file start_23.cif (mmCIF, C-alpha atoms)
data_protein
loop_
_atom_site.label_atom_id
_atom_site.label_comp_id
_atom_site.auth_asym_id
_atom_site.auth_seq_id
_atom_site.Cartn_x
_atom_site.Cartn_y
_atom_site.Cartn_z
CA MET K 1 30.56 67.41 155.32
CA SER K 2 30.60 70.98 156.61
CA LYS K 3 30.48 73.86 154.16
CA ARG K 4 33.53 75.95 153.38
CA ASP K 5 33.64 79.52 154.62
CA PHE K 6 32.04 81.73 151.95
CA TYR K 7 34.94 84.21 152.06
CA ASP K 8 37.40 81.35 151.48
CA VAL K 9 35.33 80.16 148.52
CA LEU K 10 35.64 83.61 146.93
CA GLY K 11 39.28 83.97 147.98
CA VAL K 12 38.78 87.32 149.74
CA GLY K 13 39.14 88.63 153.27
CA ARG K 14 36.17 89.28 155.54
CA ASP K 15 36.78 93.03 155.14
CA ALA K 16 36.51 92.89 151.34
CA SER K 17 34.44 95.63 149.71
CA ALA K 18 31.42 94.94 147.50
CA ASP K 19 33.54 95.70 144.39
CA GLU K 20 36.25 93.28 145.53
CA LEU K 21 33.63 90.56 146.08
CA LYS K 22 32.19 91.16 142.63
CA LYS K 23 35.60 91.11 140.95
CA ALA K 24 36.61 87.88 142.71
CA TYR K 25 33.32 86.26 141.74
CA ARG K 26 33.65 87.24 138.08
CA ASN K 27 37.19 85.92 137.80
CA LEU K 28 36.32 82.57 139.37
CA ALA K 29 33.03 82.27 137.46
CA LYS K 30 34.87 82.55 134.16
CA LYS K 31 37.35 79.90 135.24
CA LEU K 32 34.81 77.44 136.65
CA HIS K 33 31.84 77.98 134.29
CA PRO K 34 30.43 74.64 132.98
CA ASP K 35 30.89 75.80 129.37
CA GLN K 36 34.63 75.95 130.01
CA ASN K 37 34.78 72.68 131.93
CA GLN K 38 32.40 70.31 130.19
CA GLY K 39 32.21 66.96 131.96
CA ASP K 40 34.29 68.17 134.93
CA LYS K 41 32.14 67.32 137.97
CA GLU K 42 34.56 68.96 140.39
CA ALA K 43 34.46 72.25 138.47
CA GLU K 44 30.65 72.06 138.38
CA LYS K 45 30.57 71.51 142.14
CA ARG K 46 32.90 74.44 142.77
CA PHE K 47 30.86 76.66 140.42
CA LYS K 48 27.70 75.96 142.44
CA GLU K 49 29.60 76.56 145.66
CA LEU K 50 30.89 79.87 144.25
CA ASN K 51 27.39 81.04 143.32
CA GLU K 52 26.06 80.11 146.74
CA ALA K 53 28.84 82.07 148.45
CA TYR K 54 28.45 85.17 146.29
CA ASP K 55 24.66 85.04 146.55
CA ALA K 56 24.97 85.21 150.35
CA LEU K 57 27.61 87.96 150.50
CA LYS K 58 26.60 90.35 147.71
CA ASP K 59 23.54 91.57 149.64
CA GLU K 60 24.31 93.76 152.66
CA GLN K 61 21.62 92.25 154.89
CA SER K 62 22.40 88.62 154.13
CA ARG K 63 26.14 89.33 154.46
CA ALA K 64 25.58 90.88 157.88
CA ALA K 65 23.61 87.81 158.90
CA TYR K 66 26.37 85.49 157.65
CA ASP K 67 29.07 87.50 159.45
CA GLN K 68 27.06 87.19 162.66
CA PHE K 69 25.82 83.61 162.48
CA GLY K 70 27.78 81.87 159.73
CA HIS K 71 25.98 79.21 157.69
CA ALA K 72 23.27 78.98 160.35
CA ALA K 73 21.91 82.27 158.97
CA PHE K 74 20.71 80.41 155.86
CA ASP K 75 19.85 76.92 157.04
CA GLY K 76 17.08 77.88 159.42
CA GLY K 77 19.28 78.49 162.47
CA MET K 78 19.20 81.81 164.38
CA GLY K 79 16.09 82.93 162.46
CA GLY K 80 17.97 83.04 159.15
CA MET K 81 16.58 83.80 155.76
CA GLY K 82 16.52 80.17 154.62
CA ALA K 83 18.83 78.22 152.41
CA GLY K 84 16.84 77.83 149.21
CA ALA K 85 18.41 76.18 146.21
CA ARG K 86 21.44 78.46 145.96
CA GLY K 87 23.78 77.85 143.11
CA GLY K 88 21.11 76.26 140.89
CA ALA K 89 19.14 77.75 138.07
CA ARG K 90 16.36 78.73 140.42
CA GLY K 91 15.90 78.66 144.12
CA PHE K 92 13.43 79.68 146.73
CA ALA K 93 13.99 80.62 150.33
CA GLY K 94 11.77 81.93 153.11
CA GLY K 95 12.45 83.05 156.65
CA ALA K 96 12.59 85.86 159.15
CA SER K 97 13.80 89.35 158.34
CA MET K 98 16.82 90.96 159.96
CA SER K 99 14.56 92.69 162.47
CA ASP K 100 13.41 89.25 163.67
CA ILE K 101 17.01 88.18 164.21
CA PHE K 102 17.70 91.17 166.42
CA ASP K 103 14.37 90.73 168.19
CA ASP K 104 15.35 87.18 169.06
CA LEU K 105 18.74 88.26 170.37
CA PHE K 106 17.94 91.53 172.11
CA GLY K 107 14.18 91.42 172.60
CA GLU K 108 14.53 89.80 176.01
CA PHE K 109 15.36 91.45 179.30
CA MET K 110 15.53 89.37 182.45
CA GLY K 111 13.51 86.67 180.71
CA GLY K 112 11.05 89.04 179.06
CA ARG K 113 10.62 88.76 175.30
CA ARG K 114 8.99 90.99 172.76
CA GLY K 115 5.81 89.65 171.27
CA PRO K 116 5.52 88.71 167.60
CA ARG K 117 4.99 91.28 164.92
CA GLY K 118 1.47 92.56 164.70
CA GLY K 119 -1.13 94.36 166.71
CA GLY K 120 -2.92 93.39 169.89
CA ASP K 121 -5.71 91.75 167.90
CA GLY K 122 -3.59 88.69 167.18
CA ARG K 123 -2.94 89.62 163.55
CA MET K 124 0.67 89.06 162.54
CA ARG K 125 2.43 90.17 159.37
CA GLY K 126 3.74 87.33 157.23
CA HIS K 127 7.44 86.83 156.59
CA ASP K 128 9.18 88.21 153.52
CA LEU K 129 10.21 85.54 151.03
CA ARG K 130 13.18 85.23 148.70
CA TYR K 131 13.31 83.63 145.26
CA ASN K 132 16.64 83.12 143.43
CA MET K 133 16.39 83.34 139.65
CA GLU K 134 19.15 82.84 137.09
CA ILE K 135 18.75 84.45 133.66
CA ASP K 136 20.85 84.45 130.48
CA PHE K 137 23.03 87.38 129.45
CA GLU K 138 20.76 87.99 126.45
CA GLU K 139 17.67 88.01 128.70
CA ALA K 140 19.31 90.70 130.83
CA PHE K 141 19.83 92.68 127.61
CA GLU K 142 16.31 92.28 126.24
CA GLY K 143 14.27 91.90 129.45
CA LYS K 144 11.63 89.21 129.86
CA LYS K 145 8.43 88.17 131.55
CA ALA K 146 8.95 85.13 133.73
CA GLN K 147 6.60 82.81 135.56
CA VAL K 148 7.72 81.73 139.02
CA ARG K 149 6.17 79.04 141.18
CA VAL K 150 6.34 80.03 144.83
CA PRO K 151 5.60 77.57 147.65
CA SER K 152 4.18 79.79 150.36
CA SER K 153 1.55 80.26 153.04
CA VAL K 154 -1.74 81.78 151.88
CA ALA K 155 -4.81 82.88 153.81
CA CYS K 156 -7.09 79.99 154.70
CA GLU K 157 -10.28 80.17 152.61
CA THR K 158 -12.30 78.15 155.12
CA CYS K 159 -11.95 80.67 157.97
CA ASN K 160 -10.99 83.71 155.87
CA GLY K 161 -7.66 83.84 157.70
CA SER K 162 -9.09 84.24 161.21
CA GLY K 163 -7.97 80.82 162.43
CA ALA K 164 -11.34 80.21 164.06
CA ALA K 165 -13.84 77.62 162.88
CA PRO K 166 -16.69 78.97 160.72
CA GLY K 167 -19.41 80.43 162.96
CA SER K 168 -16.94 81.32 165.74
CA SER K 169 -14.31 83.99 166.27
CA PRO K 170 -11.18 84.55 168.38
CA VAL K 171 -11.75 85.77 171.93
CA THR K 172 -9.73 88.06 174.15
CA CYS K 173 -7.05 86.24 176.12
CA THR K 174 -8.08 86.04 179.78
CA THR K 175 -4.51 85.79 181.01
CA CYS K 176 -3.23 89.09 179.57
CA GLN K 177 -6.61 90.74 178.92
CA GLY K 178 -5.71 91.21 175.28
CA HIS K 179 -2.37 93.00 175.84
CA GLY K 180 -0.20 90.11 174.71
CA LYS K 181 2.10 90.61 177.71
CA VAL K 182 1.98 89.92 181.42
CA ARG K 183 3.87 91.59 184.24
CA ALA K 184 5.44 90.06 187.32
CA SER K 185 7.23 91.78 190.22
CA GLN K 186 10.55 90.46 191.44
CA GLY K 187 11.90 92.56 194.30
CA PHE K 188 12.41 96.08 193.06
CA PHE K 189 11.92 95.06 189.43
CA THR K 190 8.78 94.67 187.37
CA ILE K 191 9.34 92.26 184.52
CA GLU K 192 7.17 92.23 181.41
CA ARG K 193 6.99 88.95 179.50
CA THR K 194 5.15 87.55 176.51
CA CYS K 195 1.85 86.04 177.56
CA PRO K 196 2.34 82.25 177.79
CA THR K 197 -1.30 81.58 176.92
CA CYS K 198 -1.73 83.52 173.68
CA HIS K 199 1.98 83.86 172.86
CA GLY K 200 1.69 87.61 172.52
CA ARG K 201 -1.30 87.67 170.19
CA GLY K 202 -3.81 88.98 172.74
CA GLN K 203 -6.44 86.52 171.55
CA THR K 204 -7.12 82.82 171.84
CA ILE K 205 -9.22 80.48 169.73
CA ASP K 206 -11.62 78.14 171.46
CA LYS K 207 -12.68 76.41 168.25
CA PRO K 208 -9.79 76.34 165.78
CA CYS K 209 -10.43 75.95 162.07
CA THR K 210 -9.93 72.33 161.03
CA ALA K 211 -8.45 73.32 157.67
CA CYS K 212 -5.59 75.47 159.00
CA HIS K 213 -5.53 74.24 162.64
CA GLY K 214 -6.02 77.75 163.96
CA GLN K 215 -3.13 79.34 162.05
CA GLY K 216 -5.30 81.27 159.61
CA ARG K 217 -3.12 80.16 156.70
CA VAL K 218 -2.30 77.03 154.73
CA GLU K 219 0.62 75.92 152.54
CA LYS K 220 0.00 76.35 148.84
CA GLU K 221 2.07 76.84 145.68
CA ARG K 222 1.33 79.92 143.62
CA THR K 223 2.36 80.96 140.11
CA LEU K 224 3.32 84.60 139.74
CA SER K 225 4.31 86.69 136.74
CA VAL K 226 7.49 88.74 137.10
CA ASN K 227 8.49 91.52 134.73
CA ILE K 228 12.29 91.69 134.40
CA PRO K 229 13.27 95.01 132.80
CA ALA K 230 15.98 95.25 130.15
CA GLY K 231 19.42 96.10 131.48
CA VAL K 232 19.23 94.39 134.88
CA GLU K 233 22.58 93.52 136.47
CA ASP K 234 23.74 90.52 138.43
CA GLY K 235 22.43 90.86 141.98
CA THR K 236 19.41 93.01 141.06
CA ARG K 237 16.56 92.66 143.55
CA ILE K 238 12.93 92.93 142.46
CA ARG K 239 10.28 93.46 145.16
CA LEU K 240 6.73 92.18 144.80
CA ALA K 241 4.78 93.84 147.58
CA GLY K 242 2.28 91.63 149.39
CA GLU K 243 3.30 88.46 147.55
CA GLY K 244 5.22 86.96 150.46
CA GLU K 245 3.98 84.73 153.24
CA ALA K 246 0.40 85.32 154.40
CA GLY K 247 0.00 86.86 157.83
CA MET K 248 -1.33 84.83 160.72
CA ARG K 249 -5.00 85.22 161.59
CA GLY K 250 -5.73 87.76 158.89
CA GLY K 251 -2.51 89.76 159.27
CA PRO K 252 -0.95 91.52 156.24
CA ALA K 253 1.20 89.45 153.90
CA GLY K 254 4.95 89.92 153.63
CA ASP K 255 6.79 90.79 150.42
CA LEU K 256 8.47 88.57 147.84
CA TYR K 257 11.99 89.48 146.72
CA ILE K 258 13.34 88.15 143.42
CA PHE K 259 17.15 88.03 143.41
CA LEU K 260 18.58 87.86 139.89
CA SER K 261 21.78 86.11 138.88
CA VAL K 262 23.03 86.72 135.32
CA LYS K 263 24.98 83.93 133.61
CA PRO K 264 28.39 84.83 132.15
CA HIS K 265 28.52 85.17 128.34
CA ARG K 266 30.90 83.32 126.03
CA LEU K 267 31.81 86.43 124.03
CA PHE K 268 30.98 89.49 126.08
CA GLU K 269 31.95 90.90 129.44
CA ARG K 270 30.01 93.60 131.20
CA ASP K 271 30.97 96.65 133.24
CA GLY K 272 27.84 98.55 134.16
CA ALA K 273 26.08 99.40 130.91
CA ASP K 274 29.22 98.96 128.78
CA ILE K 275 30.05 95.69 127.01
CA PHE K 276 33.53 94.47 126.08
CA CYS K 277 34.43 91.93 123.40
CA ARG K 278 37.92 90.60 122.65
CA VAL K 279 38.44 89.94 118.91
CA PRO K 280 41.56 88.20 117.51
CA ILE K 281 42.80 89.40 114.10
CA SER K 282 45.53 88.11 111.79
CA MET K 283 49.00 89.61 111.62
CA VAL K 284 48.31 90.59 108.00
CA THR K 285 45.11 92.48 108.86
CA ALA K 286 46.87 94.23 111.72
CA SER K 287 49.76 95.21 109.42
CA LEU K 288 47.87 96.24 106.28
CA GLY K 289 44.55 97.25 107.83
CA GLY K 290 41.14 96.07 106.77
CA GLU K 291 37.59 95.44 107.97
CA ILE K 292 36.38 92.88 110.49
CA GLU K 293 32.84 91.82 111.36
CA VAL K 294 31.99 91.78 115.04
CA PRO K 295 28.83 90.55 116.84
CA THR K 296 26.49 92.65 118.96
CA LEU K 297 24.06 91.62 121.68
CA GLY K 298 21.13 92.34 119.40
CA GLY K 299 22.29 89.53 117.09
CA LYS K 300 23.43 91.86 114.31
CA LYS K 301 26.88 92.11 112.75
CA VAL K 302 28.79 95.39 112.65
CA LYS K 303 31.84 96.15 110.51
CA VAL K 304 34.84 97.74 112.20
CA LYS K 305 37.65 99.33 110.18
CA VAL K 306 41.11 98.39 111.44
CA PRO K 307 43.84 100.91 110.52
CA GLU K 308 47.30 99.93 109.29
CA GLY K 309 49.76 98.98 112.00
CA ALA K 310 47.10 98.24 114.65
CA GLN K 311 48.55 96.78 117.82
CA THR K 312 47.20 94.30 120.38
CA GLY K 313 45.00 96.07 122.92
CA ARG K 314 43.65 98.69 120.52
CA GLN K 315 40.01 99.44 121.35
CA PHE K 316 37.19 100.54 119.07
CA ARG K 317 34.07 102.08 120.57
CA LEU K 318 30.64 101.33 119.11
CA LYS K 319 28.38 103.91 120.68
CA GLY K 320 24.96 102.78 121.87
CA LYS K 321 25.65 99.07 121.26
CA GLY K 322 25.94 98.15 124.93
CA MET K 323 23.39 97.36 127.63
CA PRO K 324 20.30 99.48 128.20
CA VAL K 325 20.14 101.34 131.50
CA VAL K 326 17.18 100.22 133.64
CA ASN K 327 14.34 102.76 133.74
CA SER K 328 16.20 105.07 131.36
CA ARG K 329 16.53 105.78 127.67
CA GLU K 330 20.30 105.64 127.93
CA THR K 331 22.34 102.78 126.50
CA GLY K 332 25.93 101.80 127.14
CA ASP K 333 28.64 101.27 124.53
CA LEU K 334 30.30 98.20 123.01
CA TYR K 335 34.09 98.18 123.11
CA ILE K 336 35.95 95.94 120.67
CA GLN K 337 39.48 95.10 121.80
CA ILE K 338 41.70 93.52 119.15
CA THR K 339 44.40 90.93 119.75
CA VAL K 340 46.97 90.32 117.03
CA GLU K 341 47.32 86.57 116.57
CA THR K 342 50.72 85.05 115.85
CA PRO K 343 50.43 82.49 113.02
CA VAL K 344 51.14 78.85 113.89
CA ASN K 345 51.64 75.56 112.00
CA LEU K 346 53.58 77.28 109.19
CA ASN K 347 54.75 75.32 106.14
CA LYS K 348 58.20 75.78 104.56
CA LYS K 349 57.03 78.33 102.01
CA GLN K 350 55.39 80.46 104.69
CA LYS K 351 58.50 80.31 106.86
CA ASP K 352 60.71 81.32 103.92
CA LEU K 353 58.45 84.28 103.14
CA LEU K 354 58.60 85.44 106.77
CA LYS K 355 62.39 85.16 106.80
CA GLU K 356 62.52 87.17 103.59
CA PHE K 357 60.24 89.78 105.16
CA GLU K 358 62.46 89.90 108.27
CA THR K 359 65.53 90.45 106.09
CA ALA K 360 63.84 93.29 104.23
CA SER K 361 62.54 94.94 107.42
CA SER K 362 64.13 97.90 109.20
CA ASP K 363 63.77 99.54 112.60
CA SER K 364 61.06 101.77 111.19
CA ASN K 365 58.86 98.70 110.62
CA ASN K 366 59.10 97.76 114.31
CA PRO K 367 59.41 101.08 116.18
CA GLU K 368 58.24 99.72 119.54
CA SER K 369 60.67 96.80 119.76
CA SER K 370 63.49 98.87 118.25
CA GLY K 371 62.93 101.60 120.82
CA PHE K 372 62.80 99.07 123.65
CA PHE K 373 66.09 97.38 122.74
CA ALA K 374 67.74 100.76 122.28
CA LYS K 375 66.81 101.53 125.89
CA VAL K 376 68.14 98.12 126.95
CA LYS K 377 71.49 98.90 125.28
CA GLU K 378 71.67 102.24 127.08
CA PHE K 379 70.86 100.44 130.33
CA TRP K 380 73.75 97.98 129.95
CA ASP K 381 76.14 100.66 128.72
CA GLY K 382 75.42 102.54 131.92
CA PHE K 383 76.48 99.52 134.00
CA GLN K 384 79.66 99.09 131.99
CA ASN K 385 80.61 102.74 132.43
#
call {"tool": "encode", "arguments": {"input": "start_23.cif", "output": "structure tokens"}}
result
Amino acid sequence: MSKRDFYDVLGVGRDASADELKKAYRNLAKKLHPDQNQGDKEAEKRFKELNEAYDALKDEQSRAAYDQFGHAAFDGGMGGMGAGARGGARGFAGGASMSDIFDDLFGEFMGGRRGPRGGGDGRMRGHDLRYNMEIDFEEAFEGKKAQVRVPSSVACETCNGSGAAPGSSPVTCTTCQGHGKVRASQGFFTIERTCPTCHGRGQTIDKPCTACHGQGRVEKERTLSVNIPAGVEDGTRIRLAGEGEAGMRGGPAGDLYIFLSVKPHRLFERDGADIFCRVPISMVTASLGGEIEVPTLGGKKVKVKVPEGAQTGRQFRLKGKGMPVVNSRETGDLYIQITVETPVNLNKKQKDLLKEFETASSDSNNPESSGFFAKVKEFWDGFQN
């Protein structure tokens, strides 16, 4: 079955801004998160689909590739970045960079194509790789050191990355004389094309290495240590220089990019470095005032004093109790927003007490509702007049 359009999955238009994409993702992630839909396979499927869509569109380069090529940009078609295990806890993807995509499309003129990346000595830079990592909200707060296992190409130890069998070495291509390109005249035009013999490398191998079959690299899984700083946000990209795919025939290695996805939290919501927590309080506490204990990301409890007559939506700021700012000594704030809870499941005595309270109350006890209905009366009186 074909995949749904990523913009349709997020419920936004193709011209949506980065903030609009992020807002749509957050709203749907809260609704579809497995913790809110335990045992619901359809919700779990849609949650994975949502993460895959947002993962592709939140990065400018991958979004540009998707806009140009659709899903083919990530499943190996059109020189895409690779699909990886999007939507899961961890995923890995490898593939060509955006420059390769444009080289493939526009690097040809009248049949001529640009040679592969690298110099005329046949050395080619390896591709950049992508690794998708999902971390907990608390891990984003505290930071962590993670071990990642990366399936990649590494330099062949048998031939030291040259691609030639031990005791031999690559030789200059006799077709292009080491230039990697050949020229042919057609009428008034001179066309330059990639050398068909060496495929643009400028060198050929008479005796290829039996371990890597002349590629200069072999497939191998590596374990790398990644330092995730405290305060990282969803979508943060960490670059590990030189840890990508090994270059061909001794060429420089590409880079490895770690893309972080932060799981939603059950209690807290985040906006930059600030944290928000919605806390329900009883009608009595809201009316008479009192103290409530609220949680913080550090695992400690903090007491907040609620004044008499507090209304739903009232916010209390706890300075410095939010998220740390990456590479800074600054810290965000924690905002506690109270919600006055209406009591339910009342017994007869409780109902009688509330009725007695209602009888003894005056407009001064409910200034907001009294003021509202006074305006309503004026509104209707105006119609009658």
call {"tool": "resolve_selection", "arguments": {"input": "start_23.cif", "expression": "the PyMOL selection byres ((chain K and resi 160) around 12)", "output": "list in words"}}
result
Val154, Ala155, Cys156, Glu157, Thr158, Cys159, Gly161, Ser162, Gly163, Ala164, Ala165, Pro166, Gly167, Ser168, Ser169, Cys209, Ala211, Cys212, Gly214, Gln215, Gly216, Arg217, Val218, Ala246, Gly247, Met248, Arg249, Gly250 and Gly251 of chain K
call {"tool": "residues_around", "arguments": {"input": "start_23.cif", "residues": "Gln311 in chain K", "least_positions_apart": "3", "cutoff": "9 Å", "atoms": "all atoms listed in the file", "output": "PyMOL selection string"}}
result
chain K and resi 286-287+314+338-340
call {"tool": "residues_near_point", "arguments": {"input": "start_23.cif", "point": "(18.4, 81.7, 127.8)", "cutoff": "12 Å", "atoms": "only C-alpha atoms", "output": "VMD selection string"}}
result
chain K and resid 89 134 to 144 146 262 to 265
call {"tool": "resolve_selection", "arguments": {"input": "start_23.cif", "expression": "the PyMOL selection byres ((chain K and resi 17-28) around 9)", "output": "list in words"}}
result
Tyr7, Leu10, Gly11, Val12, Arg14, Asp15, Ala16, Ala29, Lys30, Lys31, Leu32, His33, Phe47, Leu50, Asn51, Tyr54, Leu57, Lys58, Asp59, Glu60 and Pro264 of chain K
call {"tool": "resolve_selection", "arguments": {"input": "start_23.cif", "expression": "the PyMOL selection byres ((chain K and resi 281) around 6)", "output": "list in words"}}
result
Pro280, Ser282, Val340 and Glu341 of chain K
call {"tool": "write_last_selection", "arguments": {"input": "start_23.cif", "atoms": "C-alpha atoms", "output": "PDB file, in the coordinates of the input"}}
result
ATOM      1  CA  PRO K 280      41.560  88.200 117.510  1.00  0.00           C
ATOM      2  CA  SER K 282      45.530  88.110 111.790  1.00  0.00           C
ATOM      3  CA  VAL K 340      46.970  90.320 117.030  1.00  0.00           C
ATOM      4  CA  GLU K 341      47.320  86.570 116.570  1.00  0.00           C
TER       5      GLU K 341
END
call {"tool": "atom_distance", "arguments": {"input": "start_23.cif", "atom1": "CA of Pro151 in chain K", "atom2": "CA of Asn227 in chain K"}}
result
19.2 Å
call {"tool": "closest_residue", "arguments": {"input": "start_23.cif", "among": "K:Thr296, K:Gln38, K:Ser153, K:Ser364", "to": "Glu245 in chain K", "atoms": "all atoms listed in the file"}}
result
K:Ser153
call {"tool": "atom_distance", "arguments": {"input": "start_23.cif", "atom1": "CA of Gly313 in chain K", "atom2": "CA of Asp363 in chain K"}}
result
21.7 Å
call {"tool": "atom_distance", "arguments": {"input": "start_23.cif", "atom1": "CA of Val226 in chain K", "atom2": "CA of Val148 in chain K"}}
result
7.3 Å
call {"tool": "build_atoms", "arguments": {"input": "start_23.cif", "residues": "range 7-19 of chain K", "atoms": "N, CA, C and O atoms", "output": "short mmCIF file (atom, residue, chain, number, x, y, z; two decimals), keeping the file's coordinate frame"}}
result
data_model
loop_
_atom_site.label_atom_id
_atom_site.label_comp_id
_atom_site.auth_asym_id
_atom_site.auth_seq_id
_atom_site.Cartn_x
_atom_site.Cartn_y
_atom_site.Cartn_z
N TYR K 7 33.84 83.31 152.44
CA TYR K 7 34.94 84.21 152.06
C TYR K 7 36.11 83.41 151.48
O TYR K 7 36.78 83.86 150.55
N ASP K 8 36.35 82.21 152.03
CA ASP K 8 37.40 81.35 151.48
C ASP K 8 37.05 80.88 150.07
O ASP K 8 37.92 80.75 149.21
N VAL K 9 35.77 80.61 149.85
CA VAL K 9 35.33 80.16 148.52
C VAL K 9 35.63 81.23 147.47
O VAL K 9 36.08 80.93 146.36
N LEU K 10 35.40 82.51 147.86
CA LEU K 10 35.64 83.61 146.93
C LEU K 10 37.10 84.06 146.93
O LEU K 10 37.52 84.84 146.06
N GLY K 11 37.87 83.60 147.92
CA GLY K 11 39.28 83.97 147.98
C GLY K 11 39.51 85.40 148.40
O GLY K 11 40.45 86.05 147.93
N VAL K 12 38.64 85.94 149.27
CA VAL K 12 38.78 87.32 149.74
C VAL K 12 38.76 87.34 151.26
O VAL K 12 38.36 86.37 151.91
N GLY K 13 39.20 88.46 151.83
CA GLY K 13 39.14 88.63 153.27
C GLY K 13 37.75 89.04 153.72
O GLY K 13 36.91 89.47 152.91
N ARG K 14 37.50 88.95 155.01
CA ARG K 14 36.17 89.28 155.54
C ARG K 14 35.90 90.78 155.47
O ARG K 14 34.76 91.22 155.61
N ASP K 15 36.96 91.59 155.25
CA ASP K 15 36.78 93.03 155.14
C ASP K 15 36.72 93.49 153.69
O ASP K 15 36.81 94.69 153.40
N ALA K 16 36.55 92.55 152.77
CA ALA K 16 36.51 92.89 151.34
C ALA K 16 35.32 93.78 151.02
O ALA K 16 34.23 93.62 151.58
N SER K 17 35.52 94.74 150.13
CA SER K 17 34.44 95.63 149.71
C SER K 17 33.52 94.90 148.73
O SER K 17 33.85 93.81 148.24
N ALA K 18 32.38 95.53 148.45
CA ALA K 18 31.42 94.94 147.50
C ALA K 18 32.05 94.78 146.11
O ALA K 18 31.83 93.79 145.42
N ASP K 19 32.87 95.78 145.71
CA ASP K 19 33.54 95.70 144.39
C ASP K 19 34.55 94.56 144.36
O ASP K 19 34.69 93.86 143.34
#
